[in-house]
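Contents: one structure, followed by commentary.
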Amino acid sequence: MSTDPRAGTPARPEDLVDVEALLAAYHDLHPDPEDPAQRVAFGTSGHRGSSFKTTFNDDHIAATSQAICEYRAAQGTDGPLFLARDTHALSEPAWTTAVEVFAANGLRVLVDAADGFTPTPALSHAILQYNRGRTGGLSDGVVVTPSHNPPPDGGFKYNPPNGGPADTDATKWIADRANQLLHAKLDGVQRRSIQAVRDDLGRYDFVGEYASDLPAVLNLDAVRDAGVQIGADPMGGASVDYWGAIAERYNLDLTVVNPNVDPQFGFMTLDWDGKIRMDCSSPYAMASLVSARDRFAIATGNDADADRHGIVTADGLMNPNHFLAVAIGYLFANRPDWPLDAGIGKTAVSSSMIDHVAGELGRKLVETPVGFKWFVPGLLDGSLGFGGEESAGASFLRRDGNVWTTDKDGIILALLASEILAVTGETPSQRYTALTERFGAPIYARTDVATTAEAKAKLAKLSASDVTATELAGDPITARLTEAPGNGAAIGGLKVVTDGGWFAARPSGTEDVYKVYAESFRGPEHLAQIQEQAREVVSAALGG
């Protein structure tokens with residue numbers, strides 16, 4: 001995919017979504033349940049879509065909310081439901097729809113005490129705090145967010161009592177029931193107006209409870225004492241009130257770079273494809289913060305629901321894989337109370353640099369399919385000290401070795417960058433350079449390859465025996481994987497490994513393309529060879 005010539009430049013008026021029209025479409029357009037594209041469909045992070053495309057409308061959220069009520073009842077979950085939302089324009093009306101359905105079903109709904117925005121990690125933290133020590137009356141939650149997606153999008157994600165993203169069994173049940181309700185024209189959906197139920201809502205101090213507990217997971221005393229100058233950019237998202245509260249509570253030298261909230265996100269620079277996207281791992285979306293890096297020792301960005309992190313040092317924006325490797329190395333060396341057998345969780349498409357760090361630490365590496373849900377059990381029971389994805393999402397244990405969150409937490413990862421500098425005297429990018437001196441400097445890239453819906457379906461169901469190639473970019477193939485080695489779960493695609501690099505191919509959930517992730521420890525030319533031959537290997541495996 002080519003880079004738009006305006007990538008990294010400020011958005012113009014013509015780039016901005018018509019919020020009034022978007023909100024009108026949310027109520028006025030109704031999905032056709034016979035059209036697969038307009039049904040409820042849960043990806044790795046909930047149901048997402050746009051009201052303009054009739055993929056995220058009042059009907060979707062009413063049906064999904066009713067399905068969640070029925071699912072939690074079937075599971076015996078009868079405690080309060082925490083409800084959070086981010087700053088996307090569609091999050092407010094979807095939040096209202098959810099409240100109307102949840103309350104009509106008799107749920108005790110807990111919302112932000114100040115009617116503010118709530119990051120995904122604060123929701124996960126709240127669920128786990130409430131459920132700690134309980135055997136009954138457990139809570140769960142919903143966060144209304146499409147994460148880093150463009151301004152016209154909305155999203156709706158369910159987190160069960162374990163605090164993390166719902167697993168595929170739960171999301172399939174919820175989606176199937178929601179689609180039944182859409183077919184029935186919402187017959188079976190209970191609902192009362194927001195005016196009738198607003199006074200019955202419970203209140204929860206998400207900001208205060210989360211911020212006050214941070215010393216349990218981070219060494220903020222070291223950050224304060226070292227006087228680390230921090231620039232934090234909420235990128236117009238749900239962490240906007242959190243950064244100021246954290247700075248004040250812990251007396252940190254922290255500047256909130258952009259405190260503005262704008263549902264058009266008109267202050268953003270355009271992403272690689274010319275769209276507004278709050279992707280804190282993208283050098284194009286983060287261009288403004290990168291240009292201001294000389295003002296701070298550490299600058300950080302978070303996406304709209306703050307489940308992702310972007311780390312900027314004097315060297316620029318760090319590749320997410322690079323920071324994950326550094327964070328893992330630092331944490332396992334500086335958390336003496338963590339379980340001695342706690343392992344490291346990574347996805348199948350994350351950098352092999354993490355493998356080298358795990359080997360040096362003598363820690364077990366648990367490689368899973370894409371999706372943070374795979375790390376939830378390990379973070380809950382402490383068998384994983386850290387779980388991270390290549391897309392800049394991660395979380396880790398409290399300093400005493402107990403669970404902090406079981407969903408991605410971009411806030412603690414951003415603060416960890418400052419802790420690393422405060423304790424070691426080196427920035428995360430300097431520490432990554434040291435890793436490359438020991439293990440080599442891998443080059444990592446992701447590209448998209450056009451394909452058909454039929455080929456995508458076949459790719460998702462490949463077996464290792466479908467791969468007949470014996471070499472990749474001049475090296476013998478050492479592994480052909482369609483299941484993750486860490487847990488045996490299907491990766492929904494293919495991974496091919498050699499001693500010099502690897503590639504993984506996975507079908508896109510929204511477009512007729514498949515994604516090729518590739519990494520080489522031998523330079524850009526070798527990476528290009530891997531990418532080129534990856535297409536040939538996939539084509540042959542698909543019978544083409």
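Ordered as shown in the structure tokens, chains take letters A, B, and onward, while each chain numbers its residues from 1 and ligands are numbered from 1 in the order shown.
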
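Using only C-alpha atoms, the protein and nucleic acid residues lying no more than 8 Å from Gly141 (chain A), apart from those fewer than 4 places from it along its own chain, are Leu81, Phe82, Leu83, Ala84, Leu123, Ser124, Ile127, Tyr158, Asn159, Pro160, Pro161 and Gly163 of chain A.
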
Which residues are near region 289-291 of chain A? Cut-off 12 Å, only C-alpha atoms, ignore same chain within fewer than 6 positions. Put them as a short mmCIF file (atom, residue, chain, number, x, y, z; two decimals) with all heavy atoms, in the first residue's frame.
data_model
loop_
_atom_site.label_atom_id
_atom_site.label_comp_id
_atom_site.auth_asym_id
_atom_site.auth_seq_id
_atom_site.Cartn_x
_atom_site.Cartn_y
_atom_site.Cartn_z
N GLY A 8 1.30 12.69 7.60
CA GLY A 8 2.12 13.43 8.56
C GLY A 8 1.89 14.92 8.57
O GLY A 8 2.50 15.63 9.36
N THR A 9 1.00 15.42 7.71
CA THR A 9 0.69 16.86 7.67
C THR A 9 -0.63 17.12 8.38
O THR A 9 -1.47 16.22 8.51
CB THR A 9 0.60 17.38 6.22
OG1 THR A 9 -0.52 16.77 5.57
CG2 THR A 9 1.88 17.05 5.46
N ILE A 230 8.47 15.05 31.14
CA ILE A 230 7.56 14.19 30.38
C ILE A 230 6.57 15.06 29.60
O ILE A 230 5.99 16.00 30.14
CB ILE A 230 6.77 13.24 31.31
CG1 ILE A 230 7.73 12.44 32.20
CG2 ILE A 230 5.87 12.33 30.51
CD1 ILE A 230 7.04 11.72 33.34
N GLY A 231 6.36 14.71 28.36
CA GLY A 231 5.28 15.30 27.57
C GLY A 231 4.28 14.21 27.24
O GLY A 231 4.65 13.20 26.63
N ALA A 232 3.03 14.36 27.67
CA ALA A 232 2.02 13.33 27.45
C ALA A 232 0.93 13.88 26.53
O ALA A 232 0.31 14.90 26.84
CB ALA A 232 1.41 12.89 28.78
N ASP A 233 0.70 13.19 25.43
CA ASP A 233 -0.32 13.61 24.47
C ASP A 233 -1.46 12.60 24.49
O ASP A 233 -1.30 11.47 24.02
CB ASP A 233 0.30 13.68 23.07
CG ASP A 233 -0.66 14.28 22.05
OD1 ASP A 233 -1.84 14.51 22.39
OD2 ASP A 233 -0.23 14.54 20.91
N PRO A 234 -2.63 12.99 25.01
CA PRO A 234 -3.79 12.08 24.99
C PRO A 234 -4.37 11.88 23.60
O PRO A 234 -5.25 11.06 23.42
CB PRO A 234 -4.81 12.79 25.90
CG PRO A 234 -4.07 13.88 26.59
CD PRO A 234 -2.94 14.26 25.70
N MET A 235 -3.89 12.64 22.63
CA MET A 235 -4.37 12.57 21.25
C MET A 235 -5.88 12.73 21.17
O MET A 235 -6.57 12.09 20.38
CB MET A 235 -3.91 11.26 20.59
CG MET A 235 -2.40 11.12 20.55
SD MET A 235 -1.82 9.56 19.81
CE MET A 235 -2.04 9.90 18.07
N VAL A 256 0.83 18.10 29.83
CA VAL A 256 -0.17 17.55 28.92
C VAL A 256 -0.08 18.34 27.63
O VAL A 256 -0.46 19.51 27.57
CB VAL A 256 -1.59 17.62 29.52
CG1 VAL A 256 -2.60 17.01 28.55
CG2 VAL A 256 -1.64 16.90 30.85
N VAL A 257 0.47 17.72 26.62
CA VAL A 257 0.83 18.43 25.39
C VAL A 257 -0.40 18.99 24.68
O VAL A 257 -0.39 20.11 24.18
CB VAL A 257 1.62 17.50 24.45
CG1 VAL A 257 1.90 18.19 23.12
CG2 VAL A 257 2.92 17.07 25.11
N ASN A 258 -1.46 18.20 24.63
CA ASN A 258 -2.67 18.64 23.94
C ASN A 258 -3.89 18.23 24.77
O ASN A 258 -4.30 17.07 24.72
CB ASN A 258 -2.74 18.02 22.55
CG ASN A 258 -4.06 18.33 21.84
OD1 ASN A 258 -4.75 19.29 22.19
ND2 ASN A 258 -4.43 17.50 20.88
N PHE A 267 -7.14 18.39 15.15
CA PHE A 267 -5.77 18.77 15.50
C PHE A 267 -4.76 17.71 15.07
O PHE A 267 -3.55 17.91 15.19
CB PHE A 267 -5.66 18.98 17.01
CG PHE A 267 -6.28 17.87 17.81
CD1 PHE A 267 -5.67 16.64 17.96
CD2 PHE A 267 -7.54 18.05 18.40
CE1 PHE A 267 -6.25 15.62 18.67
CE2 PHE A 267 -8.14 17.02 19.11
CZ PHE A 267 -7.51 15.81 19.25
N MET A 268 -5.24 16.57 14.57
CA MET A 268 -4.34 15.47 14.24
C MET A 268 -3.61 15.72 12.93
O MET A 268 -4.08 16.45 12.05
CB MET A 268 -5.14 14.17 14.11
CG MET A 268 -5.63 13.60 15.42
SD MET A 268 -4.29 13.01 16.48
CE MET A 268 -3.58 11.72 15.45
N THR A 269 -2.45 15.07 12.80
CA THR A 269 -1.79 14.95 11.50
C THR A 269 -2.25 13.65 10.86
O THR A 269 -2.58 12.68 11.55
CB THR A 269 -0.26 14.95 11.64
OG1 THR A 269 0.13 13.97 12.62
CG2 THR A 269 0.23 16.33 12.09
N CYS A 280 -1.03 5.80 17.95
CA CYS A 280 0.17 6.34 18.60
C CYS A 280 1.42 5.56 18.24
O CYS A 280 2.52 5.93 18.68
CB CYS A 280 -0.02 6.37 20.11
SG CYS A 280 -0.66 4.82 20.82
N SER A 281 1.31 4.51 17.44
CA SER A 281 2.49 3.80 16.95
C SER A 281 2.90 4.25 15.55
O SER A 281 3.90 3.79 15.02
CB SER A 281 2.24 2.29 16.94
OG SER A 281 1.26 1.95 15.97
N SER A 282 2.13 5.17 14.97
CA SER A 282 2.38 5.63 13.61
C SER A 282 3.19 6.93 13.62
O SER A 282 2.78 7.91 14.25
CB SER A 282 1.06 5.89 12.88
OG SER A 282 1.27 6.65 11.70
N PRO A 283 4.33 6.98 12.93
CA PRO A 283 5.10 8.23 12.88
C PRO A 283 4.34 9.36 12.19
O PRO A 283 4.63 10.54 12.42
CB PRO A 283 6.36 7.84 12.09
CG PRO A 283 5.96 6.62 11.30
CD PRO A 283 4.96 5.90 12.15
N ALA A 297 12.32 14.85 27.92
CA ALA A 297 13.20 13.68 27.95
C ALA A 297 12.46 12.45 27.40
O ALA A 297 13.05 11.62 26.70
CB ALA A 297 13.66 13.41 29.38
N ILE A 298 11.17 12.37 27.75
CA ILE A 298 10.31 11.30 27.26
C ILE A 298 8.98 11.93 26.86
O ILE A 298 8.37 12.67 27.64
CB ILE A 298 10.03 10.22 28.33
CG1 ILE A 298 11.32 9.53 28.76
CG2 ILE A 298 9.00 9.21 27.83
CD1 ILE A 298 11.91 8.59 27.73
N ALA A 299 8.54 11.67 25.65
CA ALA A 299 7.21 12.11 25.23
C ALA A 299 6.40 10.87 24.88
O ALA A 299 6.94 9.89 24.35
CB ALA A 299 7.29 13.05 24.03
N THR A 300 5.12 10.89 25.19
CA THR A 300 4.28 9.71 24.99
C THR A 300 2.95 10.10 24.37
O THR A 300 2.47 11.22 24.54
CB THR A 300 4.01 8.98 26.31
OG1 THR A 300 3.24 9.83 27.17
CG2 THR A 300 5.30 8.61 27.01
N GLY A 301 2.37 9.16 23.65
CA GLY A 301 1.03 9.33 23.10
C GLY A 301 0.18 8.13 23.44
O GLY A 301 0.69 7.02 23.64
N ASN A 302 -1.12 8.36 23.53
CA ASN A 302 -2.08 7.27 23.71
C ASN A 302 -3.18 7.40 22.66
O ASN A 302 -3.53 8.51 22.27
CB ASN A 302 -2.73 7.32 25.10
CG ASN A 302 -1.78 7.04 26.22
OD1 ASN A 302 -1.56 7.87 27.08
ND2 ASN A 302 -1.20 5.84 26.23
N GLY A 310 2.63 5.09 22.60
CA GLY A 310 3.68 5.49 21.68
C GLY A 310 4.77 6.18 22.46
O GLY A 310 4.47 7.06 23.28
N ILE A 311 6.02 5.81 22.27
CA ILE A 311 7.14 6.32 23.07
C ILE A 311 8.08 7.11 22.17
O ILE A 311 8.60 6.58 21.17
CB ILE A 311 7.92 5.18 23.74
CG1 ILE A 311 6.96 4.26 24.52
CG2 ILE A 311 9.02 5.74 24.64
CD1 ILE A 311 6.18 4.93 25.61
N VAL A 312 8.29 8.38 22.52
CA VAL A 312 9.17 9.28 21.76
C VAL A 312 10.34 9.69 22.63
O VAL A 312 10.16 10.15 23.75
CB VAL A 312 8.41 10.53 21.28
CG1 VAL A 312 9.34 11.46 20.51
CG2 VAL A 312 7.22 10.14 20.41
N THR A 313 11.54 9.50 22.11
CA THR A 313 12.76 9.97 22.77
C THR A 313 13.46 10.96 21.83
O THR A 313 12.93 11.28 20.77
CB THR A 313 13.70 8.80 23.10
OG1 THR A 313 14.26 8.29 21.87
CG2 THR A 313 12.95 7.67 23.81
N ALA A 314 14.64 11.38 22.20
CA ALA A 314 15.40 12.27 21.33
C ALA A 314 15.69 11.63 19.97
O ALA A 314 15.94 12.32 18.98
CB ALA A 314 16.72 12.67 22.00
N ASP A 315 15.63 10.30 19.92
CA ASP A 315 15.88 9.58 18.67
C ASP A 315 14.63 9.45 17.81
O ASP A 315 14.70 8.92 16.70
CB ASP A 315 16.42 8.18 18.98
CG ASP A 315 17.73 8.23 19.73
OD1 ASP A 315 18.62 8.98 19.31
OD2 ASP A 315 17.87 7.52 20.75
N GLY A 316 13.49 9.91 18.30
CA GLY A 316 12.25 9.84 17.53
C GLY A 316 11.28 8.84 18.14
O GLY A 316 11.41 8.41 19.29
N LEU A 317 10.25 8.47 17.34
CA LEU A 317 9.24 7.53 17.79
C LEU A 317 9.79 6.11 17.72
O LEU A 317 10.26 5.66 16.68
CB LEU A 317 7.99 7.64 16.90
CG LEU A 317 6.85 6.65 17.18
CD1 LEU A 317 6.23 6.91 18.55
CD2 LEU A 317 5.80 6.73 16.08
N MET A 318 9.69 5.39 18.83
CA MET A 318 10.17 4.02 18.85
C MET A 318 9.20 3.09 18.14
O MET A 318 7.98 3.22 18.26
CB MET A 318 10.36 3.54 20.30
CG MET A 318 11.51 4.19 21.03
SD MET A 318 11.87 3.35 22.61
CE MET A 318 12.59 1.80 22.05
#

Between A:Ile491, A:Val496, A:Ile174, A:Ala122, smallest distance to Ile477 (chain A) by only C-alpha atoms belongs to A:Val496

Applying 10 Å and only C-alpha atoms, which residues near Ser352 (chain A) remain after dropping the ones on its own chain fewer than 3 positions away? List them as a PDB file with C-alpha atoms, in the first residue's frame.
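The resulting selection_27.pdb:
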ATOM      1  CA  ASN A 321       8.357  -3.983  18.920  1.00  0.00           C
ATOM      2  CA  ALA A 325      11.675  -5.777  24.040  1.00  0.00           C
ATOM      3  CA  LYS A 346       4.000 -12.205  22.827  1.00  0.00           C
ATOM      4  CA  ALA A 348       2.986 -14.678  16.740  1.00  0.00           C
ATOM      5  CA  VAL A 349       3.606 -11.520  14.708  1.00  0.00           C
ATOM      6  CA  ASP A 355      12.671 -14.215  21.929  1.00  0.00           C
ATOM      7  CA  HIS A 356      16.311 -13.206  22.393  1.00  0.00           C
ATOM      8  CA  VAL A 357      15.477 -11.106  25.470  1.00  0.00           C
ATOM      9  CA  ALA A 358      13.458 -13.955  26.970  1.00  0.00           C
ATOM     10  CA  PRO A 442      16.125  -6.853  13.038  1.00  0.00           C
ATOM     11  CA  TYR A 444      10.327  -5.504  10.693  1.00  0.00           C
ATOM     12  CA  GLY A 501      13.902 -14.249   9.691  1.00  0.00           C
ATOM     13  CA  TRP A 502      10.219 -15.106   9.356  1.00  0.00           C
ATOM     14  CA  GLU A 519      11.214  -9.654   9.944  1.00  0.00           C
ATOM     15  CA  SER A 520      14.840 -10.113   8.981  1.00  0.00           C
ATOM     16  CA  PHE A 521      17.992 -10.064  11.075  1.00  0.00           C
TER      17      PHE A 521
END

What are the closest atom pairs, with distances in Å to one decimal, for all residues of region 157-213 of chain A lying within 12 Å of region 28-32 of chain A? Consider only C-alpha atoms, order rows by chain and residue number, and present the result as JSON lines.
{"residue": "A:Asn179", "atom": "CA", "partner": "A:Asp32", "partner_atom": "CA", "distance": 10.3}
{"residue": "A:Leu181", "atom": "CA", "partner": "A:Pro31", "partner_atom": "CA", "distance": 11.7}
{"residue": "A:Leu182", "atom": "CA", "partner": "A:Pro31", "partner_atom": "CA", "distance": 8.0}
{"residue": "A:His183", "atom": "CA", "partner": "A:Asp32", "partner_atom": "CA", "distance": 8.3}
{"residue": "A:Ala184", "atom": "CA", "partner": "A:Asp32", "partner_atom": "CA", "distance": 11.3}
{"residue": "A:Lys185", "atom": "CA", "partner": "A:His30", "partner_atom": "CA", "distance": 9.6}
{"residue": "A:Leu186", "atom": "CA", "partner": "A:His30", "partner_atom": "CA", "distance": 11.1}

Neighbours of region 533-543 of chain A within 12 Å (only C-alpha atoms; same-chain residues fewer than 4 positions away dropped), as a PyMOL selection string? chain A and resi 446-452+454-475+477+480+482+493-497+501-507+513-519+526-529

So which one's closest to Tyr71 (chain A), A:Gln38, A:Thr171, A:Gln190, A:Ser51? Using only C-alpha atoms, please. A:Thr171

How close does each residue of region 45-101 of chain A get to region 195-200 of chain A, giving the shortest atom pair and distance in Å to one decimal for every residue with an atom at most 10 Å away, counting only C-alpha atoms, sorted by chain and residue number, as CSV?
residue,atom,partner,partner_atom,distance
A:Thr96,CA,A:Arg198,CA,9.6
A:Val99,CA,A:Val197,CA,7.9
A:Glu100,CA,A:Val197,CA,7.0
A:Val101,CA,A:Val197,CA,9.9

Excluding Gly401 (chain A) and its own-chain neighbours fewer than 2 positions away, which residues fall within 9 Å of it when counting only C-alpha atoms? Please give them as a list in words. Arg335, Pro336, Asp337, Trp338, Pro339, Ala342, Gly382, Gly385, Leu397, Arg398, Arg399, Val403 and Trp404 of chain A

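Take the candidates A:Asp167, A:Asp294, A:Glu70, A:Glu419 and check each one against Thr44 (chain A) using only C-alpha atoms; the shortest distance goes to A:Asp167.
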
Among the residues of region 292-393 of chain A, find those DSSP assigns to strand (DSSP E) from the backbone and print them as a list of chain:residue names. A:Ile298, A:Ala299, A:Thr300, A:Gly301, A:Asn302, A:His309, A:Gly310, A:Ile311, A:Val312, A:Thr313, A:Gly316, A:Leu317, A:Gly343, A:Ile344, A:Gly345, A:Lys346, A:Thr347, A:Leu365, A:Val366, A:Glu367, A:Thr368, A:Leu384, A:Gly385, A:Phe386, A:Gly387, A:Gly388, A:Glu389, A:Gly393

Nearest-residue call for Pro93 (chain A), choices A:Ser2, A:Thr478, A:Asn260, A:Thr145, using only C-alpha atoms: A:Thr145

For Asp4 (chain A), the nearest of the candidates A:Trp173, A:Leu128, A:Pro215, A:Trp272, counting only C-alpha atoms: A:Trp272

Spatial neighbours of region 485-490 of chain A, 6 Å, only C-alpha atoms, chain gap at least 4 places, as a VMD selection string: chain A and resid 366 to 368

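The nearest approach to Ala247 (chain A) among the residues A:Ala178, A:Leu415, A:Ile68, A:Asp273, with only C-alpha atoms taken into account, belongs to A:Leu415.
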
Residues near His322 (chain A), cut-off 9 Å, only C-alpha atoms, skip fewer than 4 positions along chain, as an MDAnalysis selection string: chainID A and resid 318 326:327 351 353:354 428:429 432

Generate the output file for the selected residues, C-alpha atoms, as an mmCIF file, in the first residue's frame.
data_model
loop_
_atom_site.group_PDB
_atom_site.id
_atom_site.type_symbol
_atom_site.label_atom_id
_atom_site.label_comp_id
_atom_site.auth_asym_id
_atom_site.auth_seq_id
_atom_site.Cartn_x
_atom_site.Cartn_y
_atom_site.Cartn_z
ATOM 1 C CA MET A 318 10.172 4.017 18.855
ATOM 2 C CA VAL A 326 13.190 -3.017 26.188
ATOM 3 C CA ALA A 327 10.253 -3.016 28.609
ATOM 4 C CA SER A 351 9.515 -9.291 16.869
ATOM 5 C CA MET A 353 14.003 -9.694 19.468
ATOM 6 C CA ILE A 354 11.620 -10.577 22.294
ATOM 7 C CA PRO A 428 14.412 3.229 26.049
ATOM 8 C CA SER A 429 15.843 3.884 22.589
ATOM 9 C CA TYR A 432 17.275 -0.899 22.452
#
